[in-house]
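This report refers to the structure that appears directly beneath it.
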Amino acid sequence: QVQLLESGGGSVQAGGSLRLSCLASGGPASRRYTAWFRQAPGKVREGVAAIYTAGGITYYADSVKGRFTISQNIAENTIDLQMNDLKPEDTAIYYCAAGRNAVSQYSILTPPQYSDWGQGTQVTVSS
């Protein structure tokens, strides 16, 4: 089991930026891919961005393409999410998650693919 600890959430005005960080235990061999999800009040949890540990291939939800960037530091076991041009609709609790099973590009941003989850960090964007 991979333990995940998110940090970096906070409050920002629309148009601002935040950087989230996820610290993973167990080393890179314990996770085939890692993703950031978010969940707003009354809404389902949605995938935001994912990255393969080997090779660093990335995937993004259409709603964040061009604004968010996922990256990783293999040596430090961190997975970051740089969020620029934030909008009020980005307000949510953001979760880091790790997966180990083979997955298609069409499913990598869906929650059932992930076995390990962090506790989440709040991001609030005001207009």
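Here, A, B, ... name the chains of the structure tokens in the order displayed, residue numbers run from 1 inside each chain, and ligands are numbered from 1 in the same displayed order.
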
- prompt: What lies within 10 Å of Lys65 of chain A using only C-alpha atoms, ignoring chain neighbours under 5 positions off, as an MDAnalysis selection string?
  reply: chainID A and resid 48:49 59:60

May I have the selected residues written with C-alpha atoms, as a PDB file, in the first residue's frame?
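Just written: part30.pdb:
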ATOM      1  CA  VAL A  48      -7.705  16.200 -13.300  1.00  0.00           C
ATOM      2  CA  ALA A  49      -4.306  14.920 -14.425  1.00  0.00           C
ATOM      3  CA  TYR A  59      -2.983  12.947 -19.318  1.00  0.00           C
ATOM      4  CA  TYR A  60      -5.295  15.854 -18.567  1.00  0.00           C
TER       5      TYR A  60
END

query: Counting only C-alpha atoms, what is within 6 Å of segment 28-38 of chain A, bar same-chain residues fewer than 6 positions away, as a PyMOL selection string?
result: chain A and resi 45-53+92-100

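Contact shell of Gly26 of chain A at 8 Å (only C-alpha atoms; same-chain neighbours under 5 positions omitted): Gln1, Val2 and Gln3 of chain A.
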
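When only C-alpha atoms are used to compute distances to Asp90 of chain A, the closest of the residues A:Thr124, A:Gly10, A:Ala102, A:Ser25 turns out to be A:Thr124.
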
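The protein and nucleic acid residues lying at most 8 Å from segment 66-73 of chain A are Ala49, Ala50, Ile51, Thr53, Gly56, Thr58, Val64, Ala75, Glu76, Asn77, Thr78, Ile79, Asp80, Leu81, Gln82, Met83, Asn84, Asp85 and Leu86 of chain A, with only C-alpha atoms considered and sequence neighbours fewer than 2 positions away removed.
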
Keeping C-alpha atoms, export the residues of the selection given above as a compact mmCIF listing (two decimals), in the first residue's frame.
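To be explicit, this is the file written out as part.txt:
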# COMPACT_ATOMS: atom_id res chain seq x y z
CA ALA A 49 -4.31 14.92 -14.43
CA ALA A 50 -2.28 11.70 -14.38
CA ILE A 51 1.34 10.74 -14.98
CA THR A 53 5.96 6.84 -13.21
CA GLY A 56 6.36 10.43 -17.50
CA THR A 58 0.76 12.68 -18.91
CA VAL A 64 -7.69 21.95 -17.20
CA ALA A 75 14.17 10.63 -6.59
CA GLU A 76 12.06 12.54 -4.07
CA ASN A 77 8.85 10.54 -4.64
CA THR A 78 6.84 13.70 -5.24
CA ILE A 79 4.12 14.39 -7.77
CA ASP A 80 3.22 18.05 -8.24
CA LEU A 81 0.31 19.83 -9.83
CA GLN A 82 0.99 23.37 -11.02
CA MET A 83 -2.31 25.20 -11.44
CA ASN A 84 -2.37 28.48 -13.34
CA ASP A 85 -5.19 30.81 -14.38
CA LEU A 86 -7.40 29.38 -11.68

field: Best match for closeness to Gly8 of chain A among A:Ser127, A:Gln113, A:Gln122, A:Asn101, counting only C-alpha atoms
entry: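 Using only C-alpha atoms, Gly8 of chain A sits closest to A:Gln122.
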
- prompt: If you run DSSP on this backbone, which residues of segment 45-121 of chain A come out as strand (DSSP E or B), and could you give them as a PyMOL selection string?
  reply: chain A and resi 46-52+58-60+68-73+78-83+92-99+116-117+121

- prompt: What does the distance between atom CA of Ile74 of chain A and atom CA of Ser11 of chain A come to in Å, to one decimal place?
  reply: 28.3 Å

message: For the helix (DSSP H, G or I) assignment from backbone DSSP, which residues of chain A qualify? Please present them as a ChimeraX atom specification.
response: /A:28-30,88-90,111-113

query: Restricting the calculation to only C-alpha atoms, which member of A:Gly16, A:Gly27, A:Lys87, A:Ala40 is positioned closest to Gly120 of chain A?
result: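 Closest to Gly120 of chain A of all the choices is A:Ala40.
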
query: Using only C-alpha atoms, which of A:Thr110, A:Thr91, A:Ser21, A:Gln105 sits nearest Val123 of chain A?
result: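 Among the listed residues, the smallest separation from Val123 of chain A belongs to A:Thr91.
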